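Have a look at work-v6.tsv; it's TSV, C-alpha atoms:
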chain	number	residue	atom	x	y	z
A	1	MET	CA	-8.51	23.62	-28.79
A	2	ILE	CA	-6.22	21.55	-30.96
A	3	ASN	CA	-3.61	24.26	-30.54
A	4	ASN	CA	-3.23	23.22	-26.94
A	5	ILE	CA	-1.70	19.91	-27.96
A	6	ASN	CA	1.83	20.61	-26.80
A	7	LYS	CA	4.61	19.71	-29.20
A	8	ALA	CA	6.99	19.33	-26.27
A	9	PHE	CA	5.08	16.24	-25.13
A	10	GLU	CA	5.06	14.49	-28.48
A	11	SER	CA	7.99	12.34	-27.46
A	12	ARG	CA	7.07	9.24	-25.49
A	13	VAL	CA	9.94	9.78	-23.07
A	14	ARG	CA	9.08	13.41	-22.31
A	15	LEU	CA	5.45	12.47	-21.79
A	16	GLY	CA	6.63	9.72	-19.44
A	17	VAL	CA	8.93	11.99	-17.44
A	18	MET	CA	6.13	14.49	-16.95
A	19	SER	CA	3.59	11.79	-15.97
A	20	VAL	CA	5.91	10.42	-13.32
A	21	LEU	CA	6.87	13.83	-11.94
A	22	MET	CA	3.27	15.06	-11.81
A	23	VAL	CA	2.46	12.57	-9.06
A	24	ASN	CA	5.82	12.50	-7.26
A	25	ASP	CA	7.73	15.15	-5.39
A	26	TRP	CA	11.46	15.11	-6.28
A	27	MET	CA	12.28	11.92	-8.12
A	28	ASP	CA	15.86	10.88	-8.83
A	29	PHE	CA	17.29	10.09	-12.24
A	30	ASN	CA	17.61	6.33	-11.75
A	31	SER	CA	14.05	5.90	-10.46
A	32	VAL	CA	12.71	7.72	-13.50
A	33	LYS	CA	14.97	5.67	-15.74
A	34	ASP	CA	13.76	2.38	-14.24
A	35	LEU	CA	10.11	3.37	-14.58
A	36	LEU	CA	10.41	4.45	-18.19
A	37	GLU	CA	12.85	1.71	-19.20
A	38	VAL	CA	15.07	4.00	-21.26
A	39	THR	CA	18.83	4.49	-21.55
A	40	ASP	CA	20.79	7.11	-19.62
A	41	GLY	CA	21.62	9.17	-22.70
A	42	ASN	CA	18.10	9.10	-24.06
A	43	LEU	CA	16.59	10.16	-20.75
A	44	SER	CA	19.08	12.93	-20.05
A	45	SER	CA	18.62	14.55	-23.45
A	46	HIS	CA	14.84	14.67	-22.95
A	47	ILE	CA	15.26	15.95	-19.43
A	48	THR	CA	17.50	18.73	-20.67
A	49	ALA	CA	14.84	19.68	-23.21
A	50	LEU	CA	12.16	19.83	-20.50
A	51	GLU	CA	14.45	21.86	-18.28
A	52	LYS	CA	15.09	24.37	-21.05
A	53	LEU	CA	11.35	24.83	-21.38
A	54	ASN	CA	11.24	25.51	-17.63
A	55	TYR	CA	8.86	22.59	-17.15
A	56	ILE	CA	11.04	20.82	-14.59
A	57	GLU	CA	13.61	21.92	-12.06
A	58	ILE	CA	16.76	20.12	-11.03
A	59	ARG	CA	18.35	19.53	-7.66
A	60	LYS	CA	21.83	18.13	-7.27
A	61	GLU	CA	23.08	16.78	-3.98
A	62	PHE	CA	25.53	14.29	-2.56
A	63	VAL	CA	24.19	11.16	-0.93
A	64	ALA	CA	26.88	8.96	0.63
A	65	LYS	CA	29.53	10.88	-1.30
A	66	ARG	CA	27.86	10.12	-4.61
A	67	PRO	CA	26.11	12.74	-6.69
A	68	LYS	CA	22.37	12.37	-6.96
A	69	THR	CA	20.22	14.38	-9.31
A	70	SER	CA	16.51	14.77	-8.67
A	71	TYR	CA	13.74	16.42	-10.61
A	72	ARG	CA	10.45	18.10	-9.90
A	73	VAL	CA	7.80	19.72	-12.13
A	74	THR	CA	7.56	23.49	-11.96
A	75	GLN	CA	4.25	25.39	-11.78
A	76	GLU	CA	4.73	26.16	-15.43
A	77	GLY	CA	5.30	22.52	-16.31
A	78	ARG	CA	2.29	21.43	-14.30
A	79	LYS	CA	0.07	23.87	-16.14
A	80	ALA	CA	1.49	22.93	-19.55
A	81	PHE	CA	0.99	19.23	-18.90
A	82	SER	CA	-2.56	19.69	-17.54
A	83	ASP	CA	-3.46	21.75	-20.61
A	84	HIS	CA	-2.00	19.05	-22.81
A	85	LEU	CA	-4.05	16.35	-21.08
A	86	LEU	CA	-7.20	18.44	-21.34
A	87	ALA	CA	-6.56	19.03	-25.02
A	88	LEU	CA	-6.09	15.30	-25.61
A	89	GLU	CA	-9.33	14.53	-23.79
A	90	ASN	CA	-11.28	17.20	-25.62
A	91	LEU	CA	-9.99	15.98	-28.92
A	92	LEU	CA	-11.06	12.43	-28.15
A	93	ASN	CA	-14.47	13.52	-26.91
A	94	ARG	CA	-15.11	15.45	-30.07
A	95	LEU	CA	-14.07	12.55	-32.26
A	96	ASN	CA	-16.24	10.08	-30.43
B	1	MET	CA	-5.19	6.62	-36.68
B	2	GLU	CA	-4.37	9.76	-34.77
B	3	ASN	CA	-7.29	9.08	-32.51
B	4	LYS	CA	-5.78	5.77	-31.50
B	5	SER	CA	-2.39	7.26	-30.69
B	6	HIS	CA	-4.03	9.81	-28.39
B	7	ILE	CA	-5.87	7.06	-26.56
B	8	GLU	CA	-2.60	5.20	-26.19
B	9	GLN	CA	-0.92	8.33	-24.88
B	10	LEU	CA	-3.58	8.82	-22.23
B	11	ALA	CA	-3.41	5.15	-21.25
B	12	GLU	CA	0.35	5.35	-20.89
B	13	ILE	CA	0.20	8.51	-18.80
B	14	ARG	CA	-2.32	6.89	-16.51
B	15	SER	CA	-0.29	3.71	-16.16
B	16	LEU	CA	2.93	5.62	-15.39
B	17	MET	CA	1.22	7.78	-12.79
B	18	GLU	CA	-0.19	4.67	-11.12
B	19	ARG	CA	3.03	2.68	-11.25
B	20	SER	CA	5.21	5.49	-9.98
B	21	SER	CA	3.04	6.54	-7.06
B	22	ARG	CA	1.44	3.32	-5.90
B	23	PHE	CA	2.76	-0.02	-4.88
B	24	ILE	CA	0.66	-2.36	-6.97
B	25	SER	CA	2.47	-5.67	-6.70
B	26	LEU	CA	0.71	-6.59	-3.47
B	27	SER	CA	-0.57	-10.12	-3.84
B	28	GLY	CA	-4.12	-11.04	-2.86
B	29	LEU	CA	-2.98	-14.57	-2.13
B	30	SER	CA	-0.90	-13.26	0.77
B	31	GLY	CA	-4.12	-11.92	2.33
B	32	ILE	CA	-5.76	-15.33	1.98
B	33	MET	CA	-2.74	-17.02	3.58
B	34	ALA	CA	-2.58	-14.47	6.43
B	35	GLY	CA	-6.27	-15.05	7.11
B	36	THR	CA	-5.76	-18.81	7.20
B	37	TYR	CA	-2.86	-18.50	9.67
B	38	ALA	CA	-4.97	-16.21	11.86
B	39	LEU	CA	-7.86	-18.68	11.91
B	40	ILE	CA	-5.52	-21.54	12.84
B	41	GLY	CA	-3.99	-19.37	15.57
B	42	ALA	CA	-7.41	-18.43	16.91
B	43	PHE	CA	-8.43	-22.08	16.89
B	44	ILE	CA	-5.38	-23.09	18.94
B	45	ALA	CA	-6.05	-20.23	21.37
B	46	ARG	CA	-9.65	-21.37	21.71
B	47	LEU	CA	-8.53	-24.92	22.51
B	48	TYR	CA	-6.12	-23.58	25.07
B	49	ILE	CA	-8.79	-21.49	26.81
B	50	LYS	CA	-11.15	-24.47	26.93
B	51	ASN	CA	-8.55	-26.78	28.43
B	52	SER	CA	-7.21	-24.23	30.83
B	53	GLU	CA	-8.10	-24.36	34.47
B	54	THR	CA	-8.23	-20.62	34.43
B	55	TYR	CA	-11.03	-20.64	31.86
B	56	MET	CA	-13.57	-19.10	34.20
B	57	GLU	CA	-11.10	-16.60	35.45
B	58	PHE	CA	-10.36	-15.61	31.89
B	59	ILE	CA	-14.01	-15.09	31.01
B	60	GLU	CA	-14.47	-13.10	34.16
B	61	GLY	CA	-11.37	-11.15	33.35
B	62	TYR	CA	-12.80	-10.15	30.02
B	63	SER	CA	-16.15	-9.11	31.39
B	64	THR	CA	-14.79	-7.07	34.25
B	65	ARG	CA	-12.27	-5.51	31.89
B	66	TYR	CA	-9.57	-5.88	34.43
B	67	VAL	CA	-7.63	-8.98	35.21
B	68	ALA	CA	-4.30	-9.54	36.84
B	69	THR	CA	-3.26	-12.88	35.48
B	70	SER	CA	0.38	-13.86	35.45
B	71	TRP	CA	2.55	-13.61	32.38
B	72	SER	CA	2.62	-17.37	31.89
B	73	GLU	CA	-1.13	-17.46	31.43
B	74	TYR	CA	-1.35	-15.17	28.49
B	75	ARG	CA	2.12	-15.73	27.18
B	76	ILE	CA	0.71	-18.35	24.83
B	77	PHE	CA	-1.59	-15.76	23.26
B	78	ILE	CA	1.28	-13.37	22.69
B	79	LEU	CA	3.37	-16.18	21.22
B	80	LEU	CA	0.49	-17.22	18.96
B	81	GLY	CA	-0.04	-13.65	17.85
B	82	VAL	CA	3.65	-13.14	17.09
B	83	ALA	CA	3.81	-16.47	15.23
B	84	VAL	CA	0.76	-15.60	13.12
B	85	ALA	CA	2.11	-12.13	12.34
B	86	THR	CA	5.58	-13.42	11.42
B	87	LEU	CA	4.24	-16.18	9.18
B	88	SER	CA	1.87	-13.72	7.49
B	89	ILE	CA	4.57	-11.14	6.82
B	90	VAL	CA	7.04	-13.72	5.45
B	91	THR	CA	4.39	-15.31	3.21
B	92	GLY	CA	3.18	-11.89	2.09
B	93	LEU	CA	6.69	-10.81	1.16
B	94	LEU	CA	7.42	-14.00	-0.76
B	95	LEU	CA	4.15	-13.91	-2.71
B	96	THR	CA	4.45	-10.21	-3.44
B	97	MET	CA	8.04	-10.63	-4.62
B	98	ARG	CA	6.94	-13.45	-6.88
B	99	ARG	CA	4.18	-11.32	-8.35
B	100	ALA	CA	6.46	-8.34	-8.86
B	101	LYS	CA	8.96	-10.55	-10.64
B	102	LYS	CA	6.28	-11.98	-12.88
B	103	ASN	CA	5.07	-8.50	-13.82
B	104	LYS	CA	8.65	-7.25	-14.12
B	105	GLN	CA	7.99	-4.63	-11.48
B	106	ASN	CA	10.52	-3.37	-9.02
B	107	ILE	CA	9.57	-4.36	-5.47
B	108	TRP	CA	11.90	-1.97	-3.69
B	109	ASP	CA	11.03	1.31	-5.30
B	110	LYS	CA	9.97	4.56	-3.75
B	111	SER	CA	6.28	3.67	-3.66
B	112	ALA	CA	6.95	0.45	-1.71
B	113	LEU	CA	9.02	2.33	0.83
B	114	ARG	CA	6.38	5.03	1.22
B	115	MET	CA	3.66	2.44	1.69
B	116	LEU	CA	5.69	0.59	4.34
B	117	VAL	CA	6.55	3.76	6.28
B	118	ASN	CA	2.91	4.84	6.29
B	119	LEU	CA	1.76	1.39	7.36
B	120	ALA	CA	4.38	1.22	10.07
B	121	ILE	CA	3.59	4.44	11.94
B	122	PRO	CA	0.10	3.58	13.30
B	123	LEU	CA	1.12	-0.07	13.58
B	124	ALA	CA	4.10	0.72	15.80
B	125	VAL	CA	2.00	3.02	17.99
B	126	GLY	CA	-0.59	0.23	18.24
B	127	GLY	CA	2.07	-2.28	19.22
B	128	VAL	CA	3.40	-0.06	22.01
B	129	PHE	CA	-0.12	0.79	23.15
B	130	CYS	CA	-1.12	-2.90	23.35
B	131	THR	CA	2.00	-3.65	25.36
B	132	ILE	CA	0.95	-0.90	27.76
B	133	LEU	CA	-2.56	-2.38	27.95
B	134	LEU	CA	-1.07	-5.77	28.82
B	135	TYR	CA	1.23	-4.18	31.37
B	136	GLN	CA	-1.68	-2.35	32.99
B	137	GLY	CA	-3.76	-5.52	32.97
B	138	TYR	CA	-6.46	-4.47	30.51
B	139	ILE	CA	-6.25	-7.75	28.62
B	140	GLY	CA	-9.75	-7.55	27.22
B	141	MET	CA	-8.91	-4.34	25.41
B	142	VAL	CA	-5.91	-5.82	23.58
B	143	ALA	CA	-7.90	-7.58	20.83
B	144	PRO	CA	-10.03	-4.50	20.01
B	145	ALA	CA	-6.94	-2.26	20.10
B	146	THR	CA	-4.94	-4.49	17.72
B	147	LEU	CA	-7.88	-4.46	15.27
B	148	ILE	CA	-8.36	-0.68	15.47
B	149	PHE	CA	-4.68	0.17	15.06
B	150	TYR	CA	-4.26	-2.38	12.28
B	151	GLY	CA	-7.24	-0.84	10.49
B	152	LEU	CA	-5.82	2.67	10.91
B	153	SER	CA	-2.47	1.59	9.55
B	154	LEU	CA	-4.13	0.01	6.50
B	155	VAL	CA	-6.12	3.17	5.81
B	156	ASN	CA	-2.95	5.23	6.16
B	157	GLY	CA	-0.86	2.94	3.92
B	158	SER	CA	-3.62	2.54	1.34
B	159	LYS	CA	-2.84	5.97	-0.12
B	160	TYR	CA	0.18	4.35	-1.73
B	161	THR	CA	-1.27	1.02	-2.77
B	162	LEU	CA	-4.42	-0.69	-4.03
B	163	ASP	CA	-7.78	0.83	-3.05
B	164	THR	CA	-9.04	-2.48	-1.69
B	165	ILE	CA	-6.69	-2.05	1.26
B	166	ARG	CA	-8.52	1.09	2.33
B	167	HIS	CA	-11.85	-0.74	2.50
B	168	LEU	CA	-10.27	-3.56	4.47
B	169	GLY	CA	-8.82	-0.99	6.91
B	170	ILE	CA	-12.21	0.63	7.51
B	171	VAL	CA	-13.81	-2.78	8.10
B	172	GLU	CA	-11.05	-3.68	10.62
B	173	ILE	CA	-11.63	-0.41	12.51
B	174	ILE	CA	-15.38	-1.07	12.71
B	175	ILE	CA	-14.84	-4.65	13.93
B	176	GLY	CA	-12.34	-3.34	16.50
B	177	LEU	CA	-14.81	-0.75	17.81
B	178	ILE	CA	-17.58	-3.34	18.08
B	179	ALA	CA	-15.17	-5.67	19.89
B	180	ALA	CA	-14.38	-2.88	22.36
B	181	VAL	CA	-18.08	-2.56	23.20
B	182	ASP	CA	-18.78	-6.27	23.24
B	183	LEU	CA	-15.92	-7.14	25.57
B	184	GLY	CA	-15.25	-10.76	26.36
B	185	ASN	CA	-15.41	-12.01	22.80
B	186	GLY	CA	-12.01	-10.73	21.79
B	187	LEU	CA	-10.96	-14.00	20.24
B	188	PHE	CA	-14.09	-14.15	18.08
B	189	TYR	CA	-13.59	-10.63	16.72
B	190	TRP	CA	-9.90	-11.27	16.31
B	191	ALA	CA	-10.67	-14.34	14.18
B	192	LEU	CA	-13.28	-12.34	12.25
B	193	GLY	CA	-11.01	-9.34	11.62
B	194	PHE	CA	-7.67	-10.98	11.03
B	195	GLY	CA	-8.93	-14.32	9.73
B	196	VAL	CA	-12.20	-14.05	7.81
B	197	MET	CA	-11.72	-10.48	6.52
B	198	HIS	CA	-8.21	-11.17	5.23
B	199	ILE	CA	-9.53	-14.17	3.33
B	200	ILE	CA	-12.49	-12.23	1.91
B	201	TYR	CA	-10.45	-9.19	0.87
B	202	GLY	CA	-7.50	-11.30	-0.29
B	203	THR	CA	-9.86	-13.23	-2.56
B	204	ALA	CA	-11.42	-9.98	-3.80
B	205	MET	CA	-7.98	-8.55	-4.60
B	206	TRP	CA	-6.89	-11.71	-6.33
B	207	TRP	CA	-10.12	-11.74	-8.33
B	208	LYS	CA	-9.79	-8.11	-9.29
B	209	TYR	CA	-6.08	-7.86	-10.14
B	210	GLU	CA	-4.48	-11.27	-10.57
B	211	ARG	CA	-7.06	-13.67	-11.98
B	212	LYS	CA	-6.57	-12.56	-15.57
B	213	GLN	CA	-2.84	-13.14	-15.45
B	214	VAL	CA	-3.29	-16.72	-14.34
B	215	GLY	CA	-5.71	-17.39	-17.17
B	216	ALA	CA	-3.57	-15.67	-19.75
For the structure just supplied, provide its representation as structure tokens.
Amino acid sequence: MINNINKAFESRVRLGVMSVLMVNDWMDFNSVKDLLEVTDGNLSSHITALEKLNYIEIRKEFVAKRPKTSYRVTQEGRKAFSDHLLALENLLNRLN
Amino acid sequence: MENKSHIEQLAEIRSLMERSSRFISLSGLSGIMAGTYALIGAFIARLYIKNSETYMEFIEGYSTRYVATSWSEYRIFILLGVAVATLSIVTGLLLTMRRAKKNKQNIWDKSALRMLVNLAIPLAVGGVFCTILLYQGYIGMVAPATLIFYGLSLVNGSKYTLDTIRHLGIVEIIIGLIAAVDLGNGLFYWALGFGVMHIIYGTAMWWKYERKQVGA
């Protein structure tokens, strides 16, 4: 059970990105940044890590001639995050 | 030690999910203020009906469900309604903005927009429908219809904001339906739905979400 604790979500920022994307469909970079209160560089490095794991997908588009990047969790990411949550809960239940 | 960090993790996940999908800065005080405006409006309308020479005609109009009064006669009710709605919206915005600022929350994020769009759809339909009712002369049905559509719009918008709003919406729908059966007491149900219920639910929301912050 403890094995299900996902190392990818150990970082506070990655955990935050996944939490936000789990309950929102396509969220843009700046909205995520405002919610998590992190810097551009910090957020983008974590997002790249999540993308490499195939947990989130990226969409780039132009809105009013300005580039806008949005993110969404993939099926894989959704499953990984749910398993992680379940593992956390199980761990806590056993300890209590 | 590890146990505590897991609890913190879960708490943070929960908070982020809530904050990013729901508009939670809505102030309970704005409900109380809106209710007070509505009661004052209803009181003025009541005075007007009592003093009006067309009092009997009005009562008859309600009970027969069909009345062809001139615009000037019910213009005051429309004006009162618009005044109450405008004052309520402005006060609500100001109080909500103040609360968002205090909690360092962003008022114009995606969740606020989603809540407003979902509130606006049934509300706009209701507005058009009530105008049609007025146009067709079914004045007695206007009060029930405003309550029903307002309730529906609250239920619809509540998916993106505090749960209390959903309960308030259901109560408004029920009051509206009762008002539609018990025609002729539109003003009473209007005061009950828009006045008393806003005050009750506004107080409940304030009690539930804001009281602690004032004390702290």
Neighbouring residues of Val171 of chain B were defined as those with any atom within 9 Å, considering only C-alpha atoms; residues of the same chain fewer than 4 positions away were excluded. Please report them as an NGL selection string.
:B and (151 or 166-167 or 175-176 or 193 or 197)
Show me which bits of chain B are within 7 Å of chain A, counting all atoms listed in the file, as a ChimeraX atom specification.
/B:3,6,13,16-17,20-21
Those same residues - C-alpha atoms - I'd like them written as a short mmCIF file (atom, residue, chain, number, x, y, z; two decimals), in the frame of the given file.
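Result file part13.cif:
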data_model
loop_
_atom_site.label_atom_id
_atom_site.label_comp_id
_atom_site.auth_asym_id
_atom_site.auth_seq_id
_atom_site.Cartn_x
_atom_site.Cartn_y
_atom_site.Cartn_z
CA ASN B 3 -7.29 9.08 -32.51
CA HIS B 6 -4.03 9.81 -28.39
CA ILE B 13 0.20 8.51 -18.80
CA LEU B 16 2.93 5.62 -15.39
CA MET B 17 1.22 7.78 -12.79
CA SER B 20 5.21 5.49 -9.98
CA SER B 21 3.04 6.54 -7.06
#
Neighbouring residues of Phe29 of chain A were defined as those with any atom within 12 Å, considering only C-alpha atoms; residues of the same chain fewer than 6 positions away were excluded. Please report them as an MDAnalysis selection string.
chainID A and resid 17 20:21 35:44 46:47 58:60 67:72
Next, dump the selected residues to file, keeping only C-alpha atoms, as a PDB file, in the coordinates of the input.
ATOM      1  CA  VAL A  17       8.930  11.990 -17.440  1.00  0.00           C
ATOM      2  CA  VAL A  20       5.910  10.420 -13.320  1.00  0.00           C
ATOM      3  CA  LEU A  21       6.870  13.830 -11.940  1.00  0.00           C
ATOM      4  CA  LEU A  35      10.110   3.370 -14.580  1.00  0.00           C
ATOM      5  CA  LEU A  36      10.410   4.450 -18.190  1.00  0.00           C
ATOM      6  CA  GLU A  37      12.850   1.710 -19.200  1.00  0.00           C
ATOM      7  CA  VAL A  38      15.070   4.000 -21.260  1.00  0.00           C
ATOM      8  CA  THR A  39      18.830   4.490 -21.550  1.00  0.00           C
ATOM      9  CA  ASP A  40      20.790   7.110 -19.620  1.00  0.00           C
ATOM     10  CA  GLY A  41      21.620   9.170 -22.700  1.00  0.00           C
ATOM     11  CA  ASN A  42      18.100   9.100 -24.060  1.00  0.00           C
ATOM     12  CA  LEU A  43      16.590  10.160 -20.750  1.00  0.00           C
ATOM     13  CA  SER A  44      19.080  12.930 -20.050  1.00  0.00           C
ATOM     14  CA  HIS A  46      14.840  14.670 -22.950  1.00  0.00           C
ATOM     15  CA  ILE A  47      15.260  15.950 -19.430  1.00  0.00           C
ATOM     16  CA  ILE A  58      16.760  20.120 -11.030  1.00  0.00           C
ATOM     17  CA  ARG A  59      18.350  19.530  -7.660  1.00  0.00           C
ATOM     18  CA  LYS A  60      21.830  18.130  -7.270  1.00  0.00           C
ATOM     19  CA  PRO A  67      26.110  12.740  -6.690  1.00  0.00           C
ATOM     20  CA  LYS A  68      22.370  12.370  -6.960  1.00  0.00           C
ATOM     21  CA  THR A  69      20.220  14.380  -9.310  1.00  0.00           C
ATOM     22  CA  SER A  70      16.510  14.770  -8.670  1.00  0.00           C
ATOM     23  CA  TYR A  71      13.740  16.420 -10.610  1.00  0.00           C
ATOM     24  CA  ARG A  72      10.450  18.100  -9.900  1.00  0.00           C
TER      25      ARG A  72
END
Provide the atom CA of Ala112 of chain B to atom CA of Val82 of chain B distance in Å, to one decimal place.
23.4 Å
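Here atom CA of Leu53 of chain A stands at a distance of 23.1 Å from atom CA of Arg14 of chain B.
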Separation of atom CA of Phe194 of chain B from atom CA of Ile76 of chain B, in Å and rounded to one decimal:
17.7 Å
Under the rule that only C-alpha atoms are counted, which of B:Ile199, B:Ala143, B:Met205, B:Ile32 is the nearest residue to Asn185 of chain B?
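Result for the nearest residue to Asn185 of chain B: B:Ala143.
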Closest to His84 of chain A among B:Gln9, B:Leu133, B:Ser88, B:Phe188, using all atoms listed in the file?
B:Gln9
Pull the neighbourhood of (-10.5, -8.0, 25.3) for me: all residues within 9 Å in file coordinates, counting all atoms listed in the file, as a list of chain:residue names.
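Counting all atoms listed in the file, I find these residues within 9 Å of (-10.5, -8.0, 25.3): B:Gly61, B:Tyr62, B:Ser63, B:Arg65, B:Tyr138, B:Ile139, B:Gly140, B:Met141, B:Val142, B:Ala143, B:Pro144, B:Ala145, B:Ala179, B:Ala180, B:Asp182, B:Leu183, B:Gly184, B:Asn185, B:Gly186, B:Leu187.
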Counting only C-alpha atoms, select every polymer residue within 12 Å of (-10.6, -9.8, 7.0) as defined in the file's coordinates, and provide the selection as a PyMOL selection string.
chain B and resi 28+31-39+147+150-151+154+164-165+167-176+189-205
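Shortest separation to Cys130 of chain B among B:Asn118, B:Ser27, B:Thr86, B:Thr146 occurs at residue B:Thr146, atoms counted being all atoms listed in the file.
Of the residues under consideration (A:Arg14, A:Ile5, A:Lys65, A:Arg94), A:Arg14 shows the shortest atom-to-atom contact distance to Ala49 of chain A when counting only C-alpha atoms.
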Of A:Ser45, A:Asn6, A:Asn54, A:Asn93, the one sitting nearest Val73 of chain A when using all atoms listed in the file is A:Asn54
Save segment 17-40 of chain A to a file: C-alpha atoms, as a PDB file, in the first residue's frame.
ATOM      1  CA  VAL A  17      -0.923  21.588 -10.060  1.00  0.00           C
ATOM      2  CA  MET A  18      -2.572  18.177 -10.035  1.00  0.00           C
ATOM      3  CA  SER A  19      -5.162  19.212  -7.400  1.00  0.00           C
ATOM      4  CA  VAL A  20      -6.189  22.219  -9.442  1.00  0.00           C
ATOM      5  CA  LEU A  21      -6.318  20.345 -12.745  1.00  0.00           C
ATOM      6  CA  MET A  22      -8.293  17.439 -11.288  1.00  0.00           C
ATOM      7  CA  VAL A  23     -11.324  19.668 -10.791  1.00  0.00           C
ATOM      8  CA  ASN A  24     -10.894  21.993 -13.788  1.00  0.00           C
ATOM      9  CA  ASP A  25     -10.984  21.358 -17.498  1.00  0.00           C
ATOM     10  CA  TRP A  26      -8.161  23.188 -19.320  1.00  0.00           C
ATOM     11  CA  MET A  27      -6.623  25.751 -17.011  1.00  0.00           C
ATOM     12  CA  ASP A  28      -4.153  28.351 -18.262  1.00  0.00           C
ATOM     13  CA  PHE A  29      -0.679  28.928 -16.890  1.00  0.00           C
ATOM     14  CA  ASN A  30      -1.391  32.241 -15.171  1.00  0.00           C
ATOM     15  CA  SER A  31      -4.513  30.969 -13.384  1.00  0.00           C
ATOM     16  CA  VAL A  32      -2.560  28.034 -12.007  1.00  0.00           C
ATOM     17  CA  LYS A  33       0.272  30.363 -11.046  1.00  0.00           C
ATOM     18  CA  ASP A  34      -2.069  32.718  -9.170  1.00  0.00           C
ATOM     19  CA  LEU A  35      -3.721  29.852  -7.299  1.00  0.00           C
ATOM     20  CA  LEU A  36      -0.469  28.261  -6.213  1.00  0.00           C
ATOM     21  CA  GLU A  37       1.362  31.541  -5.606  1.00  0.00           C
ATOM     22  CA  VAL A  38       4.601  30.398  -7.236  1.00  0.00           C
ATOM     23  CA  THR A  39       7.031  31.976  -9.699  1.00  0.00           C
ATOM     24  CA  ASP A  40       6.914  31.405 -13.461  1.00  0.00           C
TER      25      ASP A  40
END
